[in-house]
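For reference, the structure is listed below as structure tokens.
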Amino acid sequence: MIHSEATFESAIEESLLSNGGYVKGYSDDYNPSLGLFPSYVTNFLRITQPKEWEKSVKFHGANVEQKVVERLVKELDAKGALNVLRYGFKDLGAKYKMAFFKPETGLNPENEQLYHQNHLSVTRQLYYQIEGMNSLDLVIALNGIPVSTLELKNEFTGQSVENAKKQYAYDRKPTEPIFQFKKRALVHFAVDTTEVAMTTKLEGKNTFYLPFNLGRGTGAGNPDNPNGYKTAYLWEQVLVKDSLMDLISKFLHLKVEEFELNGVTKRKETLIFPRYHQLDVVRKLTSDARTNGAGKNYLIQHSAGSGKSNSIAWLSYRLSSLHNNKDQRIFDSVIVVTDRKVLDSQLQNTIYQFEHKDGVVQKIDKNSQQLADAITAGTNIIITTLQKFPVILDKIGALPSRNYAVIIDEAHSSQGGEATKKMKEVLTTSSLEEAEEIENIETEDTEDQIRKSMEARGKQANLSFFAFTATPKPKTVEVFGTLNSEGLPMPFHVYSMRQAIEEGFILDVLKNYTTYKTYFGLSEKIKKDREVNKKQASRAIARFLTLHPTNLAQKTEVIIEHFREVVSKKIGGQAKAMVVTASRLHAVRYKLEFDSYIKEKGYKDIKTLVAFSGKVICDGYADGATEVDLNKGIKERELPKKFASPEYQVLLVADKYQTGFDQPLLHTMYVDKKLSGVKCVQTLSRLNRTTKGKEDTFVLDFANEAEDILNSFQPYYEVTTINQTSDPNKLYDLLNRIEDSRVLRLEEIDSFAKVFFKSKDKLTTQDQSKLYSFVDPAVDRFKALPSETEFDDVIPELTQESLKKTFVEFIRSYSFLTQIMPFSDEDLEKYYTYCRFLIKKLPRKKQEDRFQLGDDVSLEYYRIQKVGTQNIALDPQGEFQMENKGESGLGKVDEEYGQLSEIIKSLNTRFGTEFTDADRLFFDQIEAELKDDNALAEQAKSNSIENFKYGFNDKFLEKLIGRMEQNQDIFSKIMDDQNFGNLVKDYFMQRVYRELTAKK
């Protein structure tokens, strides 16, 4: 059975036993109810800490092993496995360590000896259930405490890493002791011979996986391994003893977010395990610094979505305790230079978990003297701002006997050139052309200033720089780069934009990039084409053909109508847009034009904000208009939060919020400014953040050519393509080819659409199986087609490969053209939806497998978005009737309970909120989790609703905090408005109670 999964399992076990520092573990030694290996625990404690063990023997006598293990279990349940492994536990005066980590120096041989006495075991086919016979393929335990589980799949048996992920999600109960979040196993790996995925928290179907792959070239996946499995790095490098112990002691950390409600503090916890590129860059940087000492520069080119904050935190800690082979400390202090406030608290919290003491990190928040004092005092880790960079160089230059590591976070993240532009407080030009010319003069940003400060002082032997950036300028590569074999400067480490896109962490902003010329040409073809035109194109598109591209007022009409007709339906009705203008005067004029047009049309569904620095003199503002004036009093620091709310949809900017601005709901960008180089990449990349239901982005560019944009992106994204689909009638040509294949049947497509586009309130648990029943016959007909691999010479025109390419081309073309105008062709929409899900079931080549983030949740947003686009009305049933009910104001719910869409309308009416049917998903998920909660089910069956509410209130808040990131607006409203929060909570309490008691 050389092709079996068991052979794969054996290969990993043999590697860990022979080369990984492991011993063999046995399932019979595992106690499922305790969630650990009791005998491994007690043997480790007895051997490594005999004096403490004697103390326990005196207290417990013959029951010592049972009592000590019971005490350990209580500590694990209370503090978590990571805390206990790092800091041990106490038992009636005995202080036990549960792990000994490798010392930083060789000055204490005893610590080195204790490190080697750790008991690291690997157990195959571990039966983990308290009741049942399910087993885990591999379990890794440290001194008897499970720290990792692995589910393995071998593609030779027809299964892949996706099957392993589903096994964790659907066959492994998170309530089993070994799976309980943070209490036992810290990370769970889904592994096949090609790819690895991991998670730190099992949550059933909501389990969130991250890829844990090396990368293949500049993309996702893993490179070929001439010596064996592509995924062998996992057990040959990552899970070997030294590496695993290092991960537990210096990487893993618990991210804690706290919230206060009615005086009670609640928390949300996330266990962070590094992604492979994070682990790799930190280890390679520290290894190089250990070998070469101070005085070297490093450039780390990591794309957005790479988790730079965590990488910087881990690197800071490692460098602060780094010693060379002579046991000498390499850096006296580590200085982190950043303008991101979030990094400060994150750095402090992360490093406190490693050191368990305060004062390791000092934040410089007063003045330059405070910074100078911290440097002089040799504080371990100092965090300061980009503006104080010259002070750092001056002070370090005066202390040549000390060595320093300076970590620079995203050197260009400050508003590009804004410091220079603030010297021109008032722009007095009245001409848009003149304003554009003045403001487009190249100005230095902080990246330039840092580089020039370094060049002016020359290379300093006591100073190492570690610069993190997604888009380094050529001159920055020269200063910070590492010379390759040809003598050319290169980044020390790269996590490419391409890999981040392919792994699902950011979106490809060029996929639906459209120039004015292309947009105009497509619109013209759509207007002239009889078949497409009879489906009634948007009036805004038809109007667009008569407009002159340089007229601000006319562009305003195009942008607003395109946003309302197309963009506003995206991301479940939550999508936002940014207009990038050529100057501050342009931004002011656009703002006035937008507001005038919106008022003239009487639109109530679109509101704008503007962002620019300083004052601008223009008509009606003799003393100069400011951002705050035009935004009706909204202060500059409040603007990002306001734009994030449902109240505002469009942000007009002038060289502001084009770098370092993170708004995942930003879907579309209208560019009316010349862009090139790094500035181009930084600006368009504002669109690339992912969020639930965000499937794509769109750029309409009035000012640039596609080739120039492509050239700007090329250094950071090696396989960039810009969608230049030019013929809308091509859709029907592709559809004809699909129909001619006879693989699809119209009756199956119609039946699929009837189920898929049903109102969610009418969906049943059987409907998913119906969708499969309408798709599966097409899959069988597809498989019956010949494959190109069956032929040596003449390949027939219709094959599996050619038809799949046609499906893909049709899906992409339709998706692109619906960004230009809202089609009303129901047949196209049906075919598009059917093909999107059919293609997921067709046989795949390995390279087609891509990691997708949040597919299950995205599907619901997709439903809402498509229903909205096609004006397929939801069919709500029942009513939500509000009656006076004492203090809470909870309305009486009729026998149908009321549909959530009606409830949302009632909440909006009563509280003046603007929640939509798209927000219904958030409530749906909260309700589903509450109904699935076993503890609540038991309370409901044995208590009146009056008593039930006490347990329900805590559970409701727990579920709410767990999903806060999916909908900050609803979360904030519930937390901030007590009346609103009580009404929502009481409504769900009644709904859940009725459902749970009906199951008695």
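Within each chain, counting starts at residue 1; across the structure tokens, chains are named A, B, ... in the order shown, with ligands numbered 1 upward in that order.
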Helix (DSSP H, G or I) per DSSP on the backbone: members of region 696-838 of chain A, as an MDAnalysis selection string: chainID A and resid 706:713 730:740 746:756 760:762 767:783 788:790 800:820 826:838
Could I get the residues of region 55-76 of chain A with an atom no further than 12 Å from an atom of region 166-189 of chain A, each paired with its nearest atom pair and that distance in Å to one decimal, using only C-alpha atoms, sorted by chain and residue number, as a Markdown table?
| residue | atom | partner | partner_atom | distance |
| --- | --- | --- | --- | --- |
| A:Leu72 | CA | A:Lys183 | CA | 11.2 |
| A:Val73 | CA | A:Lys183 | CA | 9.1 |
| A:Lys74 | CA | A:Lys183 | CA | 10.0 |
| A:Glu75 | CA | A:Lys183 | CA | 9.1 |
| A:Leu76 | CA | A:Lys183 | CA | 5.5 |
Nearby residues (only C-alpha atoms) at most 6 Å from region 321-338 of chain A, same-chain spacing under 5 positions excluded, as a list of chain:residue names: A:Thr105, A:Arg290, A:Gly378, A:Thr379, A:Asn380, A:Ile381, A:Ile382, A:Ile383, A:Thr384, A:Thr385, A:Leu386, A:Asn403, A:Tyr404, A:Ala405, A:Val406, A:Ile407, A:Ile408, A:Asp409
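The closest residue to Val477 (chain A), picked from A:Ala644, A:Ile300, A:Ile130, A:Ala937 and counting only C-alpha atoms, is A:Ile300.
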